[in-house]
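Undergrad: Coordinates in upload39.cif, mmCIF, C-alpha atoms, are listed below.
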```cif
data_run
loop_
_atom_site.label_atom_id
_atom_site.label_comp_id
_atom_site.auth_asym_id
_atom_site.auth_seq_id
_atom_site.Cartn_x
_atom_site.Cartn_y
_atom_site.Cartn_z
CA MET A 1 -155.34 -76.00 -34.42
CA LEU A 2 -158.20 -73.54 -34.77
CA ASN A 3 -161.73 -74.50 -33.80
CA LYS A 4 -164.82 -73.08 -35.53
CA GLN A 5 -168.51 -73.75 -35.11
CA LEU A 6 -169.31 -73.37 -38.80
CA LEU A 7 -166.93 -73.33 -41.76
CA ILE A 8 -168.36 -72.32 -45.13
CA VAL A 9 -166.24 -72.94 -48.23
CA GLY A 10 -167.18 -70.46 -50.95
CA ALA A 11 -168.22 -66.81 -50.65
CA GLY A 12 -170.55 -66.79 -53.65
CA PRO A 13 -174.35 -66.41 -53.46
CA ALA A 14 -174.89 -69.73 -51.66
CA GLY A 15 -172.03 -69.31 -49.20
CA LEU A 16 -172.90 -65.72 -48.26
CA ALA A 17 -176.59 -66.59 -47.89
CA ALA A 18 -175.69 -69.56 -45.67
CA SER A 19 -173.48 -67.40 -43.45
CA ILE A 20 -176.17 -64.73 -43.05
CA GLU A 21 -178.91 -67.22 -42.21
CA ALA A 22 -176.71 -69.11 -39.75
CA LYS A 23 -175.85 -65.87 -37.98
CA LYS A 24 -179.51 -64.83 -37.86
CA ALA A 25 -180.32 -68.22 -36.36
CA GLY A 26 -177.85 -67.62 -33.54
CA VAL A 27 -174.59 -69.28 -34.60
CA LYS A 28 -171.88 -67.18 -32.99
CA ASP A 29 -168.75 -68.38 -34.85
CA VAL A 30 -169.10 -68.42 -38.66
CA LEU A 31 -166.10 -68.40 -41.01
CA VAL A 32 -166.33 -68.15 -44.81
CA VAL A 33 -163.25 -68.89 -46.94
CA ASP A 34 -162.95 -68.13 -50.66
CA ILE A 35 -160.13 -68.57 -53.16
CA ASN A 36 -160.92 -65.29 -54.95
CA MET A 37 -159.70 -61.78 -54.19
CA LYS A 38 -163.27 -60.52 -53.76
CA PRO A 39 -166.36 -62.16 -52.24
CA GLY A 40 -169.71 -62.45 -53.98
CA GLY A 41 -168.93 -64.96 -56.72
CA GLN A 42 -171.19 -64.58 -59.75
CA LEU A 43 -173.23 -61.77 -58.20
CA PHE A 44 -170.59 -59.10 -58.82
CA LYS A 45 -170.36 -60.10 -62.49
CA GLN A 46 -174.08 -59.59 -62.99
CA ILE A 47 -174.67 -55.96 -63.93
CA HIS A 48 -178.08 -56.88 -65.39
CA LYS A 49 -181.32 -56.84 -63.42
CA PHE A 50 -182.74 -60.07 -62.02
CA PHE A 51 -186.03 -61.53 -63.23
CA GLY A 52 -188.60 -63.06 -60.88
CA SER A 53 -190.56 -61.89 -57.86
CA SER A 54 -189.97 -59.23 -55.23
CA ALA A 55 -188.90 -62.04 -52.89
CA HIS A 56 -185.97 -62.60 -55.25
CA ARG A 57 -185.15 -58.92 -55.75
CA ALA A 58 -186.62 -58.69 -59.25
CA GLY A 59 -185.41 -55.56 -61.01
CA VAL A 60 -182.28 -55.36 -58.87
CA ARG A 61 -178.86 -55.84 -60.43
CA GLY A 62 -176.83 -58.81 -59.24
CA MET A 63 -173.90 -56.63 -58.18
CA ASP A 64 -176.24 -54.58 -55.95
CA THR A 65 -177.64 -57.76 -54.39
CA GLY A 66 -174.07 -58.91 -53.75
CA ALA A 67 -173.08 -55.61 -52.13
CA ALA A 68 -176.14 -55.67 -49.86
CA MET A 69 -175.46 -59.28 -48.81
CA LEU A 70 -171.81 -58.60 -48.12
CA LYS A 71 -172.72 -55.59 -45.97
CA GLU A 72 -175.27 -57.65 -44.04
CA ALA A 73 -172.78 -60.47 -43.49
CA GLU A 74 -170.19 -58.05 -42.14
CA GLU A 75 -172.72 -56.33 -39.88
CA LEU A 76 -173.76 -59.71 -38.46
CA GLY A 77 -170.13 -60.51 -37.68
CA VAL A 78 -169.39 -63.15 -40.32
CA GLU A 79 -165.63 -63.69 -40.63
CA ILE A 80 -164.44 -63.85 -44.26
CA TRP A 81 -161.00 -64.98 -45.44
CA LEU A 82 -160.25 -64.17 -49.09
CA ASN A 83 -157.41 -65.43 -51.31
CA THR A 84 -157.80 -68.56 -49.24
CA ALA A 85 -158.26 -72.16 -50.38
CA CYS A 86 -159.63 -75.16 -48.53
CA VAL A 87 -157.43 -77.89 -49.95
CA GLY A 88 -158.77 -80.93 -48.14
CA PHE A 89 -160.53 -82.56 -45.22
CA PHE A 90 -159.38 -85.09 -42.64
CA ASP A 91 -161.23 -87.16 -40.07
CA GLU A 92 -163.58 -85.45 -37.62
CA ARG A 93 -164.16 -82.50 -39.99
CA VAL A 94 -160.62 -81.11 -39.86
CA ALA A 95 -159.91 -78.82 -42.83
CA CYS A 96 -156.56 -77.83 -44.27
CA ILE A 97 -156.69 -74.14 -45.23
CA GLU A 98 -154.19 -72.14 -47.28
CA LYS A 99 -154.86 -68.68 -45.89
CA GLY A 100 -153.84 -65.69 -47.97
CA MET A 101 -151.63 -63.25 -46.08
CA PRO A 102 -151.27 -59.47 -46.62
CA ASP A 103 -147.80 -59.90 -48.14
CA GLY A 104 -149.13 -62.34 -50.75
CA SER A 105 -147.80 -65.45 -49.06
CA LYS A 106 -149.88 -68.40 -47.85
CA GLN A 107 -150.17 -69.69 -44.31
CA ILE A 108 -151.23 -73.28 -43.72
CA VAL A 109 -153.99 -73.46 -41.11
CA TYR A 110 -155.53 -76.66 -39.75
CA MET A 111 -159.04 -76.11 -38.53
CA LYS A 112 -161.61 -78.32 -36.86
CA ALA A 113 -165.16 -77.27 -37.66
CA GLU A 114 -168.23 -78.62 -35.91
CA LYS A 115 -170.23 -78.20 -39.14
CA ILE A 116 -169.17 -77.52 -42.74
CA ILE A 117 -171.06 -76.12 -45.72
CA ILE A 118 -169.52 -76.68 -49.16
CA ALA A 119 -170.63 -74.01 -51.62
CA THR A 120 -167.86 -74.05 -54.22
CA GLY A 121 -170.09 -73.31 -57.22
CA GLY A 122 -169.64 -74.44 -60.81
CA GLN A 123 -166.97 -74.32 -63.47
CA GLU A 124 -167.23 -73.74 -67.21
CA ASN A 125 -167.27 -76.53 -69.75
CA VAL A 126 -164.84 -76.42 -72.65
CA VAL A 127 -165.46 -77.19 -76.33
CA ARG A 128 -162.66 -78.79 -78.34
CA PHE A 129 -162.03 -77.77 -81.93
CA LYS A 130 -158.92 -77.24 -84.01
CA GLY A 131 -157.02 -74.41 -82.30
CA TRP A 132 -159.06 -74.51 -79.08
CA THR A 133 -155.95 -73.83 -76.95
CA THR A 134 -154.98 -70.72 -78.94
CA PRO A 135 -154.44 -67.61 -76.76
CA GLY A 136 -157.65 -65.61 -76.82
CA VAL A 137 -159.98 -68.60 -76.45
CA MET A 138 -161.62 -68.41 -73.02
CA GLY A 139 -164.79 -69.13 -71.08
CA ALA A 140 -167.61 -66.62 -71.24
CA GLY A 141 -167.43 -66.34 -67.46
CA ALA A 142 -163.77 -65.34 -67.66
CA ALA A 143 -164.65 -62.63 -70.17
CA GLN A 144 -167.48 -61.43 -67.93
CA THR A 145 -165.11 -61.25 -64.96
CA MET A 146 -162.66 -59.18 -67.00
CA ILE A 147 -165.20 -56.57 -68.10
CA ASN A 148 -167.48 -56.35 -65.06
CA VAL A 149 -165.05 -56.95 -62.19
CA ASN A 150 -161.60 -56.05 -63.49
CA LYS A 151 -162.74 -53.43 -66.05
CA VAL A 152 -160.53 -54.86 -68.81
CA LYS A 153 -161.70 -55.81 -72.30
CA PRO A 154 -160.80 -59.43 -73.19
CA GLY A 155 -160.45 -58.44 -76.84
CA ASN A 156 -161.85 -56.22 -79.56
CA LYS A 157 -163.56 -58.57 -82.03
CA ILE A 158 -165.29 -61.49 -80.35
CA VAL A 159 -167.04 -64.68 -81.49
CA MET A 160 -169.36 -66.19 -78.86
CA LEU A 161 -170.04 -69.94 -78.91
CA GLY A 162 -173.34 -70.73 -77.19
CA THR A 163 -176.70 -68.96 -76.98
CA GLY A 164 -177.93 -69.94 -73.55
CA ASN A 165 -178.62 -67.09 -71.14
CA VAL A 166 -174.92 -66.84 -70.28
CA GLY A 167 -173.91 -66.53 -73.93
CA LEU A 168 -176.60 -63.97 -74.66
CA ILE A 169 -176.13 -61.85 -71.55
CA VAL A 170 -172.34 -61.83 -71.71
CA SER A 171 -172.46 -60.95 -75.42
CA TYR A 172 -174.58 -57.90 -74.68
CA GLN A 173 -172.34 -56.91 -71.77
CA LEU A 174 -169.28 -57.23 -74.02
CA MET A 175 -170.97 -54.85 -76.44
CA GLN A 176 -171.69 -52.44 -73.59
CA ALA A 177 -167.99 -52.60 -72.69
CA GLY A 178 -167.05 -51.46 -76.20
CA CYS A 179 -166.25 -54.83 -77.79
CA ASP A 180 -167.37 -55.79 -81.29
CA VAL A 181 -169.30 -59.05 -81.04
CA VAL A 182 -168.87 -60.48 -84.52
CA CYS A 183 -171.45 -63.27 -84.20
CA LEU A 184 -172.96 -65.91 -81.92
CA VAL A 185 -172.73 -69.59 -82.85
CA GLU A 186 -175.14 -72.27 -81.63
CA ALA A 187 -175.10 -76.00 -82.41
CA ALA A 188 -178.77 -76.49 -81.56
CA PRO A 189 -181.56 -75.67 -84.04
CA GLY A 190 -182.75 -72.78 -81.87
CA ILE A 191 -181.53 -70.21 -79.38
CA GLY A 192 -181.14 -71.66 -75.90
CA GLY A 193 -181.74 -68.60 -73.71
CA TYR A 194 -184.61 -66.22 -73.10
CA GLY A 195 -185.99 -64.40 -76.11
CA VAL A 196 -185.72 -61.02 -74.38
CA HIS A 197 -181.93 -61.41 -74.26
CA ALA A 198 -181.66 -62.70 -77.83
CA SER A 199 -183.78 -59.78 -79.10
CA LYS A 200 -181.32 -57.23 -77.74
CA ILE A 201 -178.50 -58.95 -79.61
CA SER A 202 -180.45 -59.17 -82.86
CA ARG A 203 -181.61 -55.55 -82.69
CA ALA A 204 -177.96 -54.52 -82.45
CA GLY A 205 -177.33 -56.24 -85.78
CA VAL A 206 -175.26 -59.16 -84.46
CA PRO A 207 -175.91 -62.35 -86.46
CA ILE A 208 -176.79 -65.57 -84.63
CA TYR A 209 -175.90 -68.76 -86.49
CA THR A 210 -177.92 -71.74 -85.25
CA LYS A 211 -177.08 -75.30 -86.36
CA HIS A 212 -173.44 -74.17 -86.57
CA THR A 213 -170.29 -74.81 -84.58
CA ILE A 214 -166.67 -73.64 -84.64
CA LYS A 215 -164.54 -75.69 -87.01
CA GLU A 216 -161.17 -74.01 -86.54
CA VAL A 217 -159.44 -71.10 -84.86
CA LYS A 218 -156.20 -69.71 -86.28
CA GLY A 219 -153.70 -67.83 -84.17
CA ASN A 220 -151.70 -65.52 -86.38
CA GLY A 221 -152.17 -62.48 -84.17
CA PRO A 222 -149.62 -60.96 -81.75
CA ASN A 223 -148.03 -63.65 -79.56
CA GLY A 224 -149.99 -66.30 -81.43
CA ARG A 225 -153.33 -64.84 -80.43
CA VAL A 226 -156.59 -65.67 -82.24
CA SER A 227 -156.73 -63.98 -85.65
CA GLU A 228 -159.64 -65.68 -87.43
CA VAL A 229 -162.47 -68.09 -86.67
CA THR A 230 -164.08 -70.51 -89.11
CA ILE A 231 -167.56 -71.81 -88.34
CA VAL A 232 -169.43 -74.55 -90.16
CA GLU A 233 -173.01 -75.77 -90.45
CA ILE A 234 -173.78 -79.13 -88.85
CA ASP A 235 -176.29 -81.86 -89.68
CA PRO A 236 -178.79 -83.44 -87.23
CA LYS A 237 -176.00 -85.77 -86.03
CA PHE A 238 -173.76 -82.73 -85.32
CA GLN A 239 -171.39 -83.62 -88.16
CA HIS A 240 -169.75 -80.85 -90.22
CA ILE A 241 -171.39 -80.12 -93.58
CA GLU A 242 -168.45 -79.49 -95.90
CA GLY A 243 -168.74 -76.41 -98.10
CA THR A 244 -170.74 -74.40 -95.55
CA GLU A 245 -167.74 -72.80 -93.83
CA LYS A 246 -167.74 -69.10 -92.96
CA THR A 247 -164.58 -67.33 -91.77
CA PHE A 248 -164.52 -64.20 -89.59
CA GLU A 249 -161.73 -61.94 -88.44
CA ALA A 250 -161.62 -62.02 -84.62
CA ASP A 251 -159.12 -61.82 -81.78
CA THR A 252 -161.17 -63.57 -79.08
CA VAL A 253 -163.45 -66.60 -78.80
CA THR A 254 -165.66 -66.96 -75.74
CA LEU A 255 -167.24 -70.31 -74.83
CA ALA A 256 -170.67 -70.42 -73.21
CA ALA A 257 -171.13 -74.18 -73.27
CA GLY A 258 -172.65 -74.63 -69.84
CA LEU A 259 -171.30 -75.35 -66.38
CA LYS A 260 -170.63 -78.36 -64.20
CA PRO A 261 -170.53 -78.56 -60.39
CA VAL A 262 -167.19 -78.10 -58.63
CA SER A 263 -167.09 -81.28 -56.56
CA ASP A 264 -163.42 -81.68 -55.59
CA LEU A 265 -163.97 -81.24 -51.84
CA VAL A 266 -167.09 -83.37 -51.96
CA ARG A 267 -165.12 -86.22 -53.54
CA LEU A 268 -162.28 -85.89 -51.02
CA GLN A 269 -164.74 -86.50 -48.20
CA ASP A 270 -166.21 -89.65 -49.82
CA ILE A 271 -169.67 -88.11 -49.97
CA GLU A 272 -172.07 -90.20 -52.04
CA LEU A 273 -172.59 -88.84 -55.56
CA VAL A 274 -175.24 -89.41 -58.20
CA PHE A 275 -175.02 -88.58 -61.91
CA ASN A 276 -177.66 -86.09 -63.01
CA GLY A 277 -177.50 -84.71 -66.56
CA PRO A 278 -179.73 -81.64 -66.13
CA PHE A 279 -177.61 -80.54 -63.18
CA GLY A 280 -174.32 -80.82 -65.05
CA GLY A 281 -172.93 -84.21 -64.08
CA TRP A 282 -171.96 -85.79 -60.75
CA VAL A 283 -173.62 -84.10 -57.78
CA PRO A 284 -173.70 -84.94 -54.05
CA THR A 285 -176.84 -86.60 -52.74
CA HIS A 286 -178.42 -84.68 -49.91
CA ASN A 287 -181.64 -84.48 -47.94
CA GLU A 288 -184.11 -81.59 -47.58
CA LYS A 289 -181.78 -80.02 -45.00
CA MET A 290 -178.97 -79.95 -47.64
CA GLU A 291 -177.00 -82.41 -45.47
CA THR A 292 -174.89 -84.96 -47.35
CA THR A 293 -174.20 -88.60 -46.59
CA CYS A 294 -171.40 -87.41 -44.29
CA PRO A 295 -173.23 -86.12 -41.18
CA GLY A 296 -172.39 -82.51 -40.39
CA ILE A 297 -171.37 -81.63 -43.96
CA TYR A 298 -173.87 -79.67 -46.04
CA VAL A 299 -173.89 -78.49 -49.66
CA ALA A 300 -175.56 -75.56 -51.44
CA GLY A 301 -175.64 -73.73 -54.75
CA ASP A 302 -174.12 -74.98 -57.99
CA THR A 303 -172.16 -77.61 -56.06
CA THR A 304 -175.50 -79.46 -55.77
CA GLY A 305 -176.32 -78.98 -59.46
CA VAL A 306 -176.03 -75.98 -61.77
CA GLU A 307 -179.03 -73.64 -61.68
CA GLU A 308 -179.00 -69.87 -61.19
CA ALA A 309 -178.18 -67.28 -58.55
CA ASN A 310 -181.58 -67.06 -56.84
CA THR A 311 -181.72 -70.83 -56.42
CA ALA A 312 -178.20 -70.81 -54.99
CA LEU A 313 -179.21 -68.11 -52.51
CA GLU A 314 -182.19 -70.12 -51.30
CA GLU A 315 -180.25 -73.38 -50.99
CA GLY A 316 -177.59 -71.52 -49.02
CA ARG A 317 -180.28 -70.27 -46.64
CA VAL A 318 -181.56 -73.82 -46.13
CA ALA A 319 -178.04 -75.06 -45.38
CA GLY A 320 -177.38 -72.18 -42.98
CA VAL A 321 -180.58 -72.85 -41.01
CA SER A 322 -179.88 -76.59 -40.94
CA ALA A 323 -176.34 -76.10 -39.65
CA ALA A 324 -177.67 -73.72 -36.97
CA GLU A 325 -180.21 -76.35 -35.91
CA ALA A 326 -177.53 -79.05 -35.70
CA LEU A 327 -175.37 -76.71 -33.59
CA GLY A 328 -178.23 -76.16 -31.15
CA ALA A 329 -178.64 -72.48 -31.98
CA ILE A 330 -182.28 -72.91 -33.02
CA SER A 331 -184.97 -75.42 -32.11
CA ALA A 332 -185.99 -78.18 -34.50
CA ALA A 333 -189.52 -76.77 -34.76
CA ASP A 334 -188.33 -73.27 -35.59
CA ALA A 335 -185.78 -74.61 -38.08
CA GLU A 336 -188.42 -76.72 -39.82
CA ALA A 337 -190.78 -73.75 -40.15
CA TRP A 338 -187.94 -71.59 -41.45
CA ARG A 339 -186.91 -74.20 -44.01
CA ALA A 340 -190.51 -74.71 -45.15
CA GLU A 341 -190.76 -71.01 -45.99
CA ILE A 342 -187.52 -71.16 -47.99
CA TRP A 343 -188.53 -74.36 -49.79
CA THR A 344 -191.79 -72.71 -50.85
CA ARG A 345 -189.76 -70.01 -52.59
CA LEU A 346 -187.41 -72.61 -54.07
CA ASP A 347 -190.30 -74.60 -55.48
CA GLY A 348 -191.66 -71.39 -56.98
CA LEU A 349 -188.38 -70.80 -58.77
CA ARG A 350 -188.61 -74.26 -60.31
CA MET A 351 -192.14 -73.84 -61.67
CA GLY A 352 -193.04 -73.38 -65.34
CA PRO A 353 -191.51 -74.77 -68.54
CA PHE A 354 -187.98 -73.62 -67.66
CA GLY A 355 -188.02 -74.83 -64.05
CA GLU A 356 -189.93 -78.10 -64.26
CA LYS A 357 -186.94 -80.09 -65.52
CA ARG A 358 -184.84 -78.73 -62.67
CA ALA A 359 -187.50 -79.61 -60.11
CA ILE A 360 -187.55 -83.21 -61.36
CA ALA A 361 -183.75 -83.32 -61.33
CA LYS A 362 -183.60 -82.02 -57.75
CA LYS A 363 -186.13 -84.62 -56.61
CA GLU A 364 -183.98 -87.36 -58.16
CA VAL A 365 -180.92 -86.11 -56.27
CA MET A 366 -182.78 -85.98 -52.97
CA ASP A 367 -184.52 -89.34 -53.53
CA ALA A 368 -181.07 -90.90 -53.92
CA PHE A 369 -180.22 -89.94 -50.33
CA PRO A 370 -179.90 -93.16 -48.26
CA GLY A 371 -182.93 -93.90 -46.12
CA VAL A 372 -185.20 -91.32 -47.72
CA ALA A 373 -187.50 -94.03 -49.07
CA GLU A 374 -188.09 -95.39 -45.56
CA ALA A 375 -188.51 -91.95 -43.97
#
```
Now that the file is in, can you turn its structure into structure tokens?
TA:
Amino acid sequence: MLNKQLLIVGAGPAGLAASIEAKKAGVKDVLVVDINMKPGGQLFKQIHKFFGSSAHRAGVRGMDTGAAMLKEAEELGVEIWLNTACVGFFDERVACIEKGMPDGSKQIVYMKAEKIIIATGGQENVVRFKGWTTPGVMGAGAAQTMINVNKVKPGNKIVMLGTGNVGLIVSYQLMQAGCDVVCLVEAAPGIGGYGVHASKISRAGVPIYTKHTIKEVKGNGPNGRVSEVTIVEIDPKFQHIEGTEKTFEADTVTLAAGLKPVSDLVRLQDIELVFNGPFGGWVPTHNEKMETTCPGIYVAGDTTGVEEANTALEEGRVAGVSAAEALGAISAADAEAWRAEIWTRLDGLRMGPFGEKRAIAKKEVMDAFPGVAEA
């Protein structure tokens, strides 16, 4: 059995940030495992420039932030296993790892880690309508991976369901990749994302249908692929208004209906969960150190509630510092000062009309941590 000081599950923004901070704090043995073929998670899909402050690399493209972080992690000596899945935990923080081998096979590795950080991110929600399993219907994140990571167009004529920032940004990126975005469809009365993103779509002549949803997708294309999409207006109770249907020729439907935390490993370890709607569903309770109700196991990023990349980075840094403190690599006083600096930036990210709801949601998650009321 292998022994590691710190095991981090997930090489996305939170996991990479946690590994870097732990290394900087003096942890000598840090291993990051990720199921994907490339590290970086969402960062390498984001060819657009970040908003925010200089502290959060405003004006820098996500893929460039990811490349810089990966280089820093490697220079610090972080060990990264790709094509590798953590499939479960046993007593005393023993993890079962399916390690990807050069020949494509998998090797089962049992590993005891002194501390564990779970940063497995989020997964896309689905929307059910007639024909929702037709080939060519996919998540917006899958389409973004295809164009920005794998350099393959998901289709030629695309209908996007959802106008949050993901729906708007991915629509524009699909257009940049040479796809014809036929229209965007939104059930709410207004556009859900930032106006700056919606304006780029509108200026390109792409219609955005609010108070509409997809009624049916037909698959008469090659191999049963999507051939046409029918949308319909909905009333205030989200019921179809008959006679308002509009049908478009398309070969792809992309769904940007939000994300929910990936909590499989959290559930396997019997970590206490709390339901929090703004964060996407069931999330693990944790304290200000990002430590869960299972001592020695920390969480960070979208696993703790779906937000955005900068927030995931900061939570990863908190978890990395906290794990380093618990491992004795850094003093409690130094760790507390370090965390306070990070939390100041985190609180700044959650300010304003778009962040206030998230700040309240995060407080609810942390207040649910056992003993916090008496602390």
Undergrad: My list of candidates is A:Gly139, A:Gly190, A:Pro284, A:Pro13. Which is closest to A:Thr210 when distances are computed with all atoms listed in the file?
TA: A:Gly190
Undergrad: Choose the residue, out of A:Val170, A:Ala143, A:Val253, A:Val226, that has the smallest atom-to-atom separation from A:Val182; count only C-alpha atoms.
TA: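 With only C-alpha atoms as the atom set, the closest residue is A:Val253.
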Undergrad: Out of A:Val283, A:Ala333, A:Leu268, A:Ile360, which residue has the shortest atom-to-atom distance to A:Asp302 when counting only C-alpha atoms?
TA: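 Ranked by minimum distance to A:Asp302, first place goes to A:Val283.
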Undergrad: Would you kindly return, as an MDAnalysis selection string, each protein, DNA or RNA residue with an atom no farther than 6 Å from any atom of stretch 159-162 of chain A, considering only C-alpha atoms and excluding same-chain residues fewer than 4 positions away?
TA: chainID A and resid 167 182:186 253:257
Undergrad: Calculated over all atoms listed in the file, which of the candidates A:Gly77, A:Gly221, A:Gly316, A:Gly100 has the smallest distance to A:Tyr298?
TA: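 Smallest distance to A:Tyr298 is found for A:Gly316.
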Undergrad: Residue by residue, what does the PyMOL selection byres ((chain A and resi 108-121) around 6) grab here? Present the result as a list in words.
TA: Met1, Leu2, Asn3, Lys4, Gln5, Leu6, Leu7, Ile8, Val9, Gly10, Gly15, Arg93, Val94, Ala95, Cys96, Ile97, Glu98, Gln107, Gly122, Val262, Gly296, Ile297, Tyr298, Val299, Ala300, Gly301, Asp302 and Thr303 of chain A
Undergrad: Using the chain letters and numbers from this file, what does the PyMOL selection byres ((chain A and resi 311) around 12) select? Give the answer as a PyMOL selection string.
TA: chain A and resi 13-14+17+52+55-56+121+300-310+312-318+342-350+355+358-359+362
Undergrad: Care to translate the PyMOL selection byres ((chain A and resi 325) around 10) into actual residues of this file, as a PDB file with C-alpha atoms, keeping the file's coordinate frame?
TA:
```
ATOM      1  CA  ALA A  22    -176.710 -69.110 -39.750  1.00  0.00           C
ATOM      2  CA  ALA A  25    -180.320 -68.220 -36.360  1.00  0.00           C
ATOM      3  CA  GLY A  26    -177.850 -67.620 -33.540  1.00  0.00           C
ATOM      4  CA  VAL A  27    -174.590 -69.280 -34.600  1.00  0.00           C
ATOM      5  CA  LYS A 289    -181.780 -80.020 -45.000  1.00  0.00           C
ATOM      6  CA  ALA A 319    -178.040 -75.060 -45.380  1.00  0.00           C
ATOM      7  CA  GLY A 320    -177.380 -72.180 -42.980  1.00  0.00           C
ATOM      8  CA  VAL A 321    -180.580 -72.850 -41.010  1.00  0.00           C
ATOM      9  CA  SER A 322    -179.880 -76.590 -40.940  1.00  0.00           C
ATOM     10  CA  ALA A 323    -176.340 -76.100 -39.650  1.00  0.00           C
ATOM     11  CA  ALA A 324    -177.670 -73.720 -36.970  1.00  0.00           C
ATOM     12  CA  ALA A 326    -177.530 -79.050 -35.700  1.00  0.00           C
ATOM     13  CA  LEU A 327    -175.370 -76.710 -33.590  1.00  0.00           C
ATOM     14  CA  GLY A 328    -178.230 -76.160 -31.150  1.00  0.00           C
ATOM     15  CA  ALA A 329    -178.640 -72.480 -31.980  1.00  0.00           C
ATOM     16  CA  ILE A 330    -182.280 -72.910 -33.020  1.00  0.00           C
ATOM     17  CA  SER A 331    -184.970 -75.420 -32.110  1.00  0.00           C
ATOM     18  CA  ALA A 332    -185.990 -78.180 -34.500  1.00  0.00           C
ATOM     19  CA  ALA A 333    -189.520 -76.770 -34.760  1.00  0.00           C
ATOM     20  CA  ASP A 334    -188.330 -73.270 -35.590  1.00  0.00           C
ATOM     21  CA  ALA A 335    -185.780 -74.610 -38.080  1.00  0.00           C
ATOM     22  CA  GLU A 336    -188.420 -76.720 -39.820  1.00  0.00           C
TER      23      GLU A 336
END
```
Undergrad: To one decimal place in Å, what is the distance between atom CA of A:Trp81 and atom CA of A:Val33?
TA: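 So the two atoms, atom CA of A:Trp81 and atom CA of A:Val33, lie 4.8 Å apart.
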Undergrad: Applying 9 Å and only C-alpha atoms, which residues near A:Asn156 remain after dropping the ones on its own chain fewer than 3 positions away? List them as an NGL selection string.
TA: :A and (153 or 178-181 or 250-252)
Undergrad: Could you turn the residues from that selection into a file that holds C-alpha atoms, as a PDB file, keeping the file's coordinate frame?
TA:
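Output below, filename part34.pdb:
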```
ATOM      1  CA  LYS A 153    -161.700 -55.810 -72.300  1.00  0.00           C
ATOM      2  CA  GLY A 178    -167.050 -51.460 -76.200  1.00  0.00           C
ATOM      3  CA  CYS A 179    -166.250 -54.830 -77.790  1.00  0.00           C
ATOM      4  CA  ASP A 180    -167.370 -55.790 -81.290  1.00  0.00           C
ATOM      5  CA  VAL A 181    -169.300 -59.050 -81.040  1.00  0.00           C
ATOM      6  CA  ALA A 250    -161.620 -62.020 -84.620  1.00  0.00           C
ATOM      7  CA  ASP A 251    -159.120 -61.820 -81.780  1.00  0.00           C
ATOM      8  CA  THR A 252    -161.170 -63.570 -79.080  1.00  0.00           C
TER       9      THR A 252
END
```
